[in-house]
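**Q** Have a peek at run-v8.cif (mmCIF, C-alpha atoms).
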data_data
#
loop_
_atom_site.label_atom_id
_atom_site.label_comp_id
_atom_site.auth_asym_id
_atom_site.auth_seq_id
_atom_site.Cartn_x
_atom_site.Cartn_y
_atom_site.Cartn_z
CA MET C 10 1.25 -70.48 -19.06
CA ASN C 11 2.83 -70.20 -15.63
CA ASN C 12 0.31 -71.09 -12.92
CA SER C 13 2.75 -70.17 -10.15
CA ARG C 14 2.70 -66.49 -11.09
CA GLN C 15 2.57 -63.90 -8.34
CA PRO C 16 -0.77 -62.09 -8.05
CA ALA C 17 -0.77 -58.93 -10.15
CA PHE C 18 -3.34 -56.18 -10.46
CA ILE C 19 -3.56 -53.17 -12.73
CA TYR C 20 -5.50 -50.10 -11.62
CA THR C 21 -6.61 -47.10 -13.67
CA PHE C 22 -7.40 -43.65 -12.30
CA ALA C 23 -9.26 -40.47 -13.25
CA TYR C 24 -8.78 -37.13 -11.51
CA ASN C 25 -8.56 -33.42 -12.31
CA ASP C 26 -5.66 -31.05 -11.59
CA ALA C 27 -7.10 -29.95 -8.24
CA GLU C 28 -7.33 -33.62 -7.13
CA ARG C 29 -3.94 -34.76 -8.41
CA SER C 30 -2.00 -34.28 -5.16
CA LEU C 31 -4.67 -36.00 -3.06
CA CYS C 32 -5.02 -38.93 -5.49
CA HIS C 33 -1.24 -39.41 -5.56
CA LEU C 34 -1.07 -39.50 -1.74
CA GLU C 35 -3.87 -42.09 -1.75
CA MET C 36 -1.92 -44.13 -4.34
CA ARG C 37 1.22 -44.00 -2.22
CA SER C 38 -0.78 -45.11 0.82
CA PHE C 39 -2.24 -48.11 -1.05
CA PHE C 40 0.75 -49.15 -3.15
CA GLY C 41 3.86 -47.39 -1.81
CA LYS C 42 4.25 -45.49 -5.11
CA ASP C 43 2.38 -43.13 -7.41
CA THR C 44 2.35 -42.41 -11.15
CA GLU C 45 1.59 -39.56 -13.54
CA VAL C 46 0.17 -41.87 -16.24
CA LYS C 47 -3.02 -42.77 -14.29
CA ILE C 48 -2.32 -46.50 -14.49
CA ILE C 49 -0.38 -48.59 -11.96
CA LYS C 50 0.57 -52.25 -11.51
CA SER C 51 0.86 -53.81 -8.06
CA SER C 52 0.75 -57.13 -6.22
CA ILE C 53 -1.57 -55.46 -3.67
CA LYS C 54 -5.30 -56.15 -4.05
CA ILE C 55 -7.62 -53.19 -3.38
CA ASP C 56 -11.35 -52.99 -4.00
CA PRO C 57 -11.49 -50.25 -6.67
CA SER C 58 -14.80 -48.95 -5.27
CA ARG C 59 -12.88 -47.78 -2.18
CA SER C 60 -11.16 -44.97 -4.06
CA PRO C 61 -13.01 -41.95 -5.47
CA PHE C 62 -10.31 -41.84 -8.17
CA MET C 63 -10.05 -45.45 -9.32
CA LYS C 64 -11.86 -46.39 -12.53
CA GLY C 65 -11.30 -50.13 -12.26
CA ARG C 66 -9.01 -53.08 -11.55
CA VAL C 67 -7.66 -55.82 -13.78
CA GLU C 68 -6.75 -59.07 -12.02
CA VAL C 69 -4.02 -60.30 -14.37
CA LEU C 70 -4.54 -63.79 -15.83
CA ALA C 71 -2.19 -63.60 -18.82
CA GLU C 72 0.55 -61.38 -20.16
CA GLY C 73 2.86 -61.17 -23.13
CA ASP C 74 5.17 -58.98 -25.17
CA THR C 75 2.60 -58.71 -27.96
CA VAL C 76 -1.18 -58.73 -28.21
CA GLU C 77 -0.84 -61.88 -30.34
CA GLU C 78 0.54 -63.68 -27.30
CA ILE C 79 -2.62 -62.70 -25.38
CA VAL C 80 -4.85 -63.94 -28.23
CA ALA C 81 -2.94 -67.25 -28.23
CA GLN C 82 -3.69 -67.71 -24.49
CA ALA C 83 -7.35 -66.64 -24.76
CA PRO C 84 -8.81 -70.19 -25.27
CA ALA C 85 -7.80 -71.00 -21.66
CA PHE C 86 -10.23 -68.39 -20.33
CA GLY C 87 -13.98 -68.05 -20.08
CA SER C 88 -16.52 -70.82 -19.56
CA GLU C 89 -18.94 -72.64 -21.82
CA ASN C 90 -21.67 -71.85 -19.29
CA GLU C 91 -20.97 -68.11 -19.16
CA THR C 92 -21.10 -65.13 -21.46
CA ASN C 93 -18.21 -62.71 -21.49
CA LYS C 94 -17.08 -59.38 -22.84
CA VAL C 95 -13.55 -58.05 -23.39
CA ILE C 96 -12.85 -54.33 -23.11
CA PHE C 97 -9.68 -52.49 -24.09
CA LEU C 98 -8.81 -50.01 -21.33
CA LYS C 99 -8.60 -46.52 -22.80
CA ILE C 100 -6.52 -45.38 -19.82
CA ASN C 101 -3.05 -46.77 -20.56
CA ASP C 102 0.50 -45.55 -21.05
CA ARG C 103 0.46 -45.69 -24.87
CA GLN C 104 0.00 -42.01 -25.63
CA GLY C 105 1.10 -39.59 -28.34
CA LYS C 106 2.36 -41.34 -31.47
CA ASP C 107 2.03 -44.73 -29.73
CA LYS C 108 -1.66 -44.24 -28.91
CA ILE C 109 -3.89 -47.11 -30.00
CA GLU C 110 -6.90 -45.76 -31.87
CA ASN C 111 -10.48 -46.88 -31.43
CA SER C 112 -10.65 -49.09 -34.54
CA GLU C 113 -7.58 -51.08 -33.41
CA ARG C 114 -8.95 -51.37 -29.87
CA LEU C 115 -12.17 -52.91 -31.23
CA GLN C 116 -10.18 -55.38 -33.36
CA ILE C 117 -8.16 -56.46 -30.32
CA GLU C 118 -11.31 -56.92 -28.22
CA ARG C 119 -12.87 -59.12 -30.93
CA ALA C 120 -9.69 -61.12 -31.55
CA ILE C 121 -9.43 -62.10 -27.88
CA GLY C 122 -13.17 -62.55 -27.31
CA THR C 123 -13.71 -64.90 -30.24
CA GLU C 124 -10.93 -67.20 -28.99
CA MET C 125 -12.29 -67.47 -25.46
CA GLN C 126 -14.66 -70.16 -24.21
CA GLY C 127 -18.35 -69.23 -23.92
CA ASP C 128 -20.36 -66.68 -25.86
CA PHE C 129 -19.47 -63.05 -26.37
CA ASP C 130 -22.15 -60.70 -24.96
CA LEU C 131 -21.69 -56.96 -25.41
CA HIS C 132 -24.60 -55.89 -23.20
CA ASN C 133 -25.05 -58.19 -20.18
CA PRO C 134 -22.02 -60.47 -19.87
CA ASN C 135 -21.63 -62.78 -16.87
CA GLN C 136 -17.95 -61.87 -16.70
CA LEU C 137 -16.08 -58.78 -17.84
CA TYR C 138 -12.46 -59.04 -19.00
CA ALA C 139 -9.98 -56.33 -19.91
CA VAL C 140 -6.83 -56.05 -21.99
CA VAL C 141 -4.31 -53.23 -21.59
CA PRO C 142 -0.76 -52.34 -22.68
CA TYR C 143 1.49 -51.16 -19.87
CA GLU C 144 5.24 -50.56 -19.67
CA GLY C 145 5.95 -52.37 -22.94
CA ARG C 146 3.91 -55.49 -22.18
CA TRP C 147 0.31 -56.59 -22.65
CA TYR C 148 -1.94 -57.72 -19.81
CA PHE C 149 -5.28 -59.53 -19.78
CA GLY C 150 -7.56 -60.47 -16.90
CA THR C 151 -10.90 -60.17 -15.15
CA TYR C 152 -12.09 -56.60 -14.82
CA THR C 153 -13.80 -55.04 -11.79
CA LYS C 154 -15.35 -51.65 -12.44
CA SER C 155 -15.33 -49.12 -9.63
CA GLU C 156 -18.77 -48.32 -8.24
CA PRO C 157 -19.08 -44.73 -6.92
CA VAL C 158 -20.39 -45.80 -3.50
CA TRP C 159 -19.36 -42.45 -2.03
CA PHE C 160 -21.67 -40.61 -4.43
CA ALA C 161 -24.72 -41.76 -2.46
CA HIS C 162 -23.23 -40.16 0.68
CA ILE C 163 -23.10 -36.60 -0.69
CA LYS C 164 -26.58 -35.65 0.52
CA LYS C 165 -26.73 -36.09 4.30
CA PRO C 166 -29.51 -35.24 6.77
CA ARG C 167 -27.03 -33.07 8.70
CA GLU C 168 -24.47 -30.94 6.88
CA TYR C 169 -21.91 -28.21 7.55
CA SER C 170 -20.73 -25.93 4.76
CA THR C 171 -17.10 -26.32 5.84
CA ALA C 172 -17.16 -30.10 6.20
CA LEU C 173 -14.83 -32.06 3.94
CA SER C 174 -16.33 -33.06 0.61
CA THR C 175 -17.34 -36.71 0.42
CA ARG C 176 -14.61 -37.46 -2.15
CA VAL C 177 -11.91 -35.88 0.01
CA ALA C 178 -13.21 -37.59 3.18
CA ARG C 179 -13.11 -40.97 1.44
CA ALA C 180 -9.56 -40.42 0.20
CA VAL C 181 -8.45 -39.25 3.67
CA ALA C 182 -9.92 -42.43 5.22
CA ASN C 183 -7.97 -44.50 2.68
CA ILE C 184 -4.77 -42.55 3.35
CA ALA C 185 -5.18 -43.14 7.09
CA VAL C 186 -6.21 -46.81 6.83
CA PRO C 187 -5.21 -48.23 3.43
CA HIS C 188 -5.35 -51.83 4.71
CA PRO C 189 -8.09 -52.06 7.37
CA GLU C 190 -7.59 -55.58 8.70
CA GLY C 191 -6.72 -55.44 12.38
CA VAL C 192 -6.49 -51.63 12.41
CA ARG C 193 -8.32 -49.57 15.07
CA ALA C 194 -8.97 -45.95 14.13
CA ILE C 195 -10.48 -42.90 15.82
CA ASP C 196 -11.76 -39.54 14.62
CA PRO C 197 -11.53 -37.53 17.87
CA CYS C 198 -12.98 -34.31 16.35
CA CYS C 199 -15.54 -36.09 14.21
CA GLY C 200 -18.00 -33.24 13.65
CA ILE C 201 -21.03 -34.41 11.66
CA GLY C 202 -19.24 -37.63 10.67
CA THR C 203 -18.23 -37.08 7.03
CA VAL C 204 -15.06 -39.13 7.50
CA LEU C 205 -16.83 -41.66 9.74
CA VAL C 206 -19.48 -42.41 7.08
CA GLU C 207 -16.83 -43.04 4.40
CA ALA C 208 -14.60 -45.11 6.69
CA LEU C 209 -17.47 -47.24 8.05
CA SER C 210 -18.82 -47.84 4.53
CA MET C 211 -15.42 -49.36 3.63
CA GLY C 212 -15.32 -51.67 6.65
CA ILE C 213 -12.78 -49.59 8.54
CA HIS C 214 -13.03 -50.09 12.32
CA ILE C 215 -13.35 -46.47 13.49
CA VAL C 216 -14.97 -44.63 16.39
CA GLY C 217 -15.96 -40.96 16.59
CA ARG C 218 -15.63 -38.49 19.44
CA ASP C 219 -16.44 -34.77 19.62
CA ILE C 220 -16.65 -32.18 22.37
CA ASN C 221 -19.94 -30.81 20.97
CA PRO C 222 -22.99 -32.95 21.86
CA LEU C 223 -25.06 -31.45 19.01
CA VAL C 224 -22.62 -32.54 16.32
CA CYS C 225 -22.36 -35.97 17.94
CA ASP C 226 -26.13 -36.24 17.45
CA GLY C 227 -25.71 -35.12 13.82
CA SER C 228 -22.94 -37.63 13.25
CA ARG C 229 -25.03 -40.49 14.65
CA GLU C 230 -27.97 -39.43 12.49
CA ASN C 231 -25.82 -39.34 9.34
CA ILE C 232 -24.30 -42.76 10.07
CA ALA C 233 -27.70 -44.34 10.69
CA TYR C 234 -29.18 -42.69 7.58
CA PHE C 235 -26.82 -44.74 5.38
CA GLY C 236 -27.57 -47.97 7.22
CA LEU C 237 -24.21 -48.02 9.00
CA THR C 238 -23.37 -48.70 12.64
CA GLY C 239 -20.87 -46.54 14.46
CA ASP C 240 -19.71 -45.66 17.96
CA VAL C 241 -19.95 -41.87 18.46
CA LYS C 242 -19.69 -40.31 21.92
CA LYS C 243 -19.28 -36.83 23.38
CA SER C 244 -15.72 -36.52 24.64
CA ALA C 245 -12.88 -34.03 24.67
CA ILE C 246 -9.69 -35.47 23.20
CA GLU C 247 -7.85 -35.08 26.53
CA GLU C 248 -10.41 -37.40 28.15
CA ILE C 249 -9.72 -40.27 25.74
CA ILE C 250 -7.74 -43.01 27.48
CA GLU C 251 -7.89 -45.80 24.86
CA THR C 252 -5.12 -46.04 22.28
CA TYR C 253 -5.53 -46.56 18.53
CA ASP C 254 -3.46 -47.43 15.51
CA VAL C 255 -4.43 -44.24 13.72
CA ALA C 256 -6.23 -40.97 14.40
CA ILE C 257 -7.83 -38.82 11.69
CA ILE C 258 -8.13 -35.15 12.63
CA ASP C 259 -9.87 -32.53 10.53
CA LEU C 260 -8.83 -29.59 12.70
CA PRO C 261 -11.82 -27.45 13.73
CA TYR C 262 -11.83 -24.01 12.14
CA ASN C 263 -15.40 -23.03 11.22
CA LEU C 264 -17.53 -20.09 12.39
CA TYR C 265 -19.04 -22.09 15.24
CA THR C 266 -15.79 -23.47 16.61
CA HIS C 267 -13.32 -20.76 17.60
CA VAL C 268 -10.24 -22.86 18.16
CA SER C 269 -7.09 -21.05 19.24
CA TRP C 270 -3.55 -22.23 18.55
CA GLU C 271 -3.44 -23.40 22.16
CA ASP C 272 -6.54 -25.55 21.58
CA GLN C 273 -5.07 -26.96 18.38
CA PHE C 274 -1.83 -27.65 20.24
CA THR C 275 -3.85 -29.60 22.85
CA ILE C 276 -5.60 -31.61 20.10
CA LEU C 277 -2.28 -32.44 18.40
CA LYS C 278 -0.52 -33.31 21.68
CA HIS C 279 -3.27 -35.74 22.68
CA ALA C 280 -3.54 -37.18 19.17
CA ARG C 281 0.14 -38.07 19.51
CA ARG C 282 -0.64 -39.69 22.87
CA ILE C 283 -3.58 -41.85 21.72
CA ALA C 284 -2.42 -42.95 18.23
CA LYS C 285 0.69 -44.36 16.53
CA LYS C 286 -0.18 -42.67 13.24
CA VAL C 287 -2.00 -39.35 12.85
CA VAL C 288 -3.50 -37.96 9.63
CA ILE C 289 -4.26 -34.25 9.96
CA VAL C 290 -6.37 -32.07 7.68
CA THR C 291 -5.59 -28.38 8.17
CA ILE C 292 -6.14 -25.09 6.36
CA GLU C 293 -2.86 -23.70 7.74
CA SER C 294 0.67 -25.01 7.57
CA MET C 295 1.78 -26.23 10.98
CA ASP C 296 5.00 -28.18 10.49
CA ASP C 297 6.72 -26.59 13.52
CA ARG C 298 3.73 -27.29 15.77
CA LEU C 299 3.52 -30.92 14.65
CA GLU C 300 7.21 -31.44 15.31
CA SER C 301 6.95 -29.72 18.70
CA VAL C 302 4.51 -32.40 19.93
CA GLY C 303 6.71 -35.21 18.60
CA LEU C 304 4.87 -35.92 15.34
CA GLN C 305 7.13 -36.72 12.39
CA ILE C 306 5.77 -35.82 8.95
CA LYS C 307 5.92 -38.87 6.64
CA ASP C 308 3.91 -37.63 3.63
CA ARG C 309 1.55 -34.86 2.60
CA CYS C 310 -0.65 -33.38 -0.10
CA ILE C 311 -2.77 -30.34 -0.92
CA THR C 312 -6.49 -30.46 -1.73
CA LYS C 313 -8.78 -27.60 -2.75
CA LYS C 314 -12.49 -26.96 -2.20
CA GLN C 315 -13.84 -23.62 -3.42
CA GLN C 316 -12.00 -20.96 -1.40
CA PHE C 317 -10.36 -23.46 0.96
CA THR C 318 -6.94 -24.95 0.35
CA ARG C 319 -6.37 -27.78 2.79
CA GLU C 320 -3.25 -29.73 3.58
CA VAL C 321 -3.41 -33.43 4.43
CA VAL C 322 -0.41 -34.40 6.54
CA VAL C 323 0.52 -37.98 7.46
CA CYS C 324 2.50 -38.20 10.72
CA GLU C 325 3.90 -40.93 12.90
#
Once you've parsed the file, please lay out its structure as structure tokens.
**A**
Amino acid sequence: MNNSRQPAFIYTFAYNDAERSLCHLEMRSFFGKDTEVKIIKSSIKIDPSRSPFMKGRVEVLAEGDTVEEIVAQAPAFGSENETNKVIFLKINDRQGKDKIENSERLQIERAIGTEMQGDFDLHNPNQLYAVVPYEGRWYFGTYTKSEPVWFAHIKKPREYSTALSTRVARAVANIAVPHPEGVRAIDPCCGIGTVLVEALSMGIHIVGRDINPLVCDGSRENIAYFGLTGDVKKSAIEEIIETYDVAIIDLPYNLYTHVSWEDQFTILKHARRIAKKVVIVTIESMDDRLESVGLQIKDRCITKKQQFTREVVVCE
């Protein structure tokens, strides 16, 4: 076994057709690449609970060309003082005629588990391990299951019918700030704080501003309701003098906010002024307008919610 191996992680994903484009943009933001097979390998470590689409993460401890090579390495893992469980990840790239059926998956789990140190516990193990085939090789390591943290944020004290869904808001926060360390973010049209709640819950350093004092109150109430701490102040975007690494803008468009193209142009122009990177959520295509204020489109996706089709555009 090579102890000098580079860190490697395998992530699995679940999403429906309407979420595919958004999930793939989130993948590209995290890892610089995406995949159609819902499983990806990377040297980049991400907490799987950050993404609304990730099912879990394997931190690779052993690999081989065959499952027998994994079984042979299994005695090096586990602990006499701990119980463990090995699961075979059903999300993998062995599909069609190469698909591994349930009976074989169970055999592989047992073969590895019985060779490991410590006792096998199917129900309450101290440590969970996973084995998975990917791109012609086999991988084994500790498994971290994604916890749907965002799910608890769906019901807020203050809500707008046209606010982003919690899942979309969480993905947008990840797209804007995939690696939060040292990054300062702002949501200058924060509304009731759907994006702020998701970003703050992931440890992203973000502040909120909005021209409407009532929605600022709602945003602060929502943030506090989930036990989070955030800086939300009433301010028009043209009044903001601080600069940030990234701005997230869900362009106002609802019944209570009649925003003209001129107003949107002002928002975009000042977003360009206050932030190096701007992630825009819009219900209308605005490539020409973005380019006219000096924003270059780097990536994009489409996301749907009931009758709304939104575009998420990453600009620098």
**Q** Could you list the residues chosen by the PyMOL selection byres ((chain C and resi 163) around 12) in this structure as a PyMOL selection string?
**A** chain C and resi 157-162+164-169+172-179+203-204+206-207+231+234-235
**Q** Next, write the just-selected residues to a file, as a PDB file, keeping the file's coordinate frame, keeping C-alpha atoms as the atom set.
**A**
ATOM      1  CA  PRO C 157     -19.080 -44.730  -6.920  1.00  0.00           C
ATOM      2  CA  VAL C 158     -20.390 -45.800  -3.500  1.00  0.00           C
ATOM      3  CA  TRP C 159     -19.360 -42.450  -2.030  1.00  0.00           C
ATOM      4  CA  PHE C 160     -21.670 -40.610  -4.430  1.00  0.00           C
ATOM      5  CA  ALA C 161     -24.720 -41.760  -2.460  1.00  0.00           C
ATOM      6  CA  HIS C 162     -23.230 -40.160   0.680  1.00  0.00           C
ATOM      7  CA  LYS C 164     -26.580 -35.650   0.520  1.00  0.00           C
ATOM      8  CA  LYS C 165     -26.730 -36.090   4.300  1.00  0.00           C
ATOM      9  CA  PRO C 166     -29.510 -35.240   6.770  1.00  0.00           C
ATOM     10  CA  ARG C 167     -27.030 -33.070   8.700  1.00  0.00           C
ATOM     11  CA  GLU C 168     -24.470 -30.940   6.880  1.00  0.00           C
ATOM     12  CA  TYR C 169     -21.910 -28.210   7.550  1.00  0.00           C
ATOM     13  CA  ALA C 172     -17.160 -30.100   6.200  1.00  0.00           C
ATOM     14  CA  LEU C 173     -14.830 -32.060   3.940  1.00  0.00           C
ATOM     15  CA  SER C 174     -16.330 -33.060   0.610  1.00  0.00           C
ATOM     16  CA  THR C 175     -17.340 -36.710   0.420  1.00  0.00           C
ATOM     17  CA  ARG C 176     -14.610 -37.460  -2.150  1.00  0.00           C
ATOM     18  CA  VAL C 177     -11.910 -35.880   0.010  1.00  0.00           C
ATOM     19  CA  ALA C 178     -13.210 -37.590   3.180  1.00  0.00           C
ATOM     20  CA  ARG C 179     -13.110 -40.970   1.440  1.00  0.00           C
ATOM     21  CA  THR C 203     -18.230 -37.080   7.030  1.00  0.00           C
ATOM     22  CA  VAL C 204     -15.060 -39.130   7.500  1.00  0.00           C
ATOM     23  CA  VAL C 206     -19.480 -42.410   7.080  1.00  0.00           C
ATOM     24  CA  GLU C 207     -16.830 -43.040   4.400  1.00  0.00           C
ATOM     25  CA  ASN C 231     -25.820 -39.340   9.340  1.00  0.00           C
ATOM     26  CA  TYR C 234     -29.180 -42.690   7.580  1.00  0.00           C
ATOM     27  CA  PHE C 235     -26.820 -44.740   5.380  1.00  0.00           C
TER      28      PHE C 235
END
**Q** Check which residues satisfy the PyMOL selection byres ((chain C and resi 320) around 8) in the file shown, then give them as an mmCIF file with C-alpha atoms, in the frame of the given file.
**A**
data_model
loop_
_atom_site.group_PDB
_atom_site.id
_atom_site.type_symbol
_atom_site.label_atom_id
_atom_site.label_comp_id
_atom_site.auth_asym_id
_atom_site.auth_seq_id
_atom_site.Cartn_x
_atom_site.Cartn_y
_atom_site.Cartn_z
ATOM 1 C CA ILE C 289 -4.260 -34.250 9.960
ATOM 2 C CA VAL C 290 -6.370 -32.070 7.680
ATOM 3 C CA THR C 291 -5.590 -28.380 8.170
ATOM 4 C CA ILE C 292 -6.140 -25.090 6.360
ATOM 5 C CA GLU C 293 -2.860 -23.700 7.740
ATOM 6 C CA SER C 294 0.670 -25.010 7.570
ATOM 7 C CA ARG C 309 1.550 -34.860 2.600
ATOM 8 C CA CYS C 310 -0.650 -33.380 -0.100
ATOM 9 C CA ILE C 311 -2.770 -30.340 -0.920
ATOM 10 C CA THR C 312 -6.490 -30.460 -1.730
ATOM 11 C CA THR C 318 -6.940 -24.950 0.350
ATOM 12 C CA ARG C 319 -6.370 -27.780 2.790
ATOM 13 C CA VAL C 321 -3.410 -33.430 4.430
ATOM 14 C CA VAL C 322 -0.410 -34.400 6.540
#
**Q** Determine the axis-aligned bounding box of all atoms of range 288-304 of chain C present in the file, pad each side by 3 Å, and express its centre and edge lengths in Å to one decimal place as AutoDock Vina command-line options.
**A**
--center_x 0.4 --center_y -30.8 --center_z 13.1 --size_x 19.6 --size_y 20.3 --size_z 19.6
**Q** Counting only C-alpha atoms, which residue out of C:Phe86, C:Phe39, C:Phe22, C:Phe274 sits closest to Lys154 in chain C?
**A**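 Smallest distance to Lys154 in chain C is found for C:Phe22.
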**Q** Take the point (-2.0, -41.7, -2.6) as written in the file and pick out every residue within 12 Å of it, counting all atoms listed in the file; give the list as a PyMOL selection string.
**A** chain C and resi 22+28-45+47+49+60-63+177+179-187+308-311+321-323
**Q** Quick one: of C:Gly202, C:Gly212, C:Gly217, C:Pro197, who's nearest to Glu247 in chain C, counting only C-alpha atoms?
**A**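 The closest residue to Glu247 in chain C is C:Pro197.
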**Q** Run the PyMOL selection byres ((chain C and resi 277) around 12) on the file and write out the hits as number ranges by chain.
**A** C: 197-198, 246-247, 256-261, 270-276, 278-284, 286-291, 295-305, 324-325
**Q** Assuming the input is short of atoms at range 41-52 of chain C, produce N, CA, C and O atoms for that part as a tab-separated table (two decimals), in the coordinates of the input.
**A**
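To be explicit, this is the file written out as result_38.tsv:
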chain	number	residue	atom	x	y	z
C	41	GLY	N	2.48	-47.77	-2.08
C	41	GLY	CA	3.86	-47.39	-1.81
C	41	GLY	C	4.51	-46.63	-2.95
C	41	GLY	O	5.72	-46.38	-2.93
C	42	LYS	N	3.73	-46.23	-3.95
C	42	LYS	CA	4.25	-45.49	-5.11
C	42	LYS	C	3.08	-44.78	-5.79
C	42	LYS	O	1.92	-45.11	-5.56
C	43	ASP	N	3.41	-43.78	-6.62
C	43	ASP	CA	2.38	-43.13	-7.41
C	43	ASP	C	2.85	-43.05	-8.87
C	43	ASP	O	3.93	-43.51	-9.20
C	44	THR	N	2.02	-42.48	-9.73
C	44	THR	CA	2.35	-42.41	-11.15
C	44	THR	C	1.61	-41.26	-11.80
C	44	THR	O	0.49	-40.93	-11.39
C	45	GLU	N	2.23	-40.65	-12.80
C	45	GLU	CA	1.59	-39.56	-13.54
C	45	GLU	C	0.71	-40.08	-14.68
C	45	GLU	O	-0.07	-39.34	-15.24
C	46	VAL	N	0.86	-41.36	-15.05
C	46	VAL	CA	0.17	-41.87	-16.24
C	46	VAL	C	-1.21	-42.46	-15.94
C	46	VAL	O	-1.87	-43.00	-16.82
C	47	LYS	N	-1.66	-42.35	-14.69
C	47	LYS	CA	-3.02	-42.77	-14.29
C	47	LYS	C	-3.27	-44.26	-14.46
C	47	LYS	O	-4.40	-44.70	-14.59
C	48	ILE	N	-2.21	-45.04	-14.47
C	48	ILE	CA	-2.32	-46.50	-14.49
C	48	ILE	C	-1.16	-47.06	-13.68
C	48	ILE	O	-0.03	-46.54	-13.77
C	49	ILE	N	-1.43	-48.06	-12.84
C	49	ILE	CA	-0.38	-48.59	-11.96
C	49	ILE	C	-0.55	-50.09	-11.81
C	49	ILE	O	-1.67	-50.61	-11.82
C	50	LYS	N	0.58	-50.80	-11.70
C	50	LYS	CA	0.57	-52.25	-11.51
C	50	LYS	C	1.12	-52.56	-10.13
C	50	LYS	O	2.11	-51.97	-9.70
C	51	SER	N	0.46	-53.49	-9.42
C	51	SER	CA	0.86	-53.81	-8.06
C	51	SER	C	0.46	-55.24	-7.73
C	51	SER	O	-0.46	-55.80	-8.32
C	52	SER	N	1.14	-55.82	-6.74
C	52	SER	CA	0.75	-57.13	-6.22
C	52	SER	C	-0.30	-56.99	-5.12
C	52	SER	O	-0.81	-57.98	-4.61
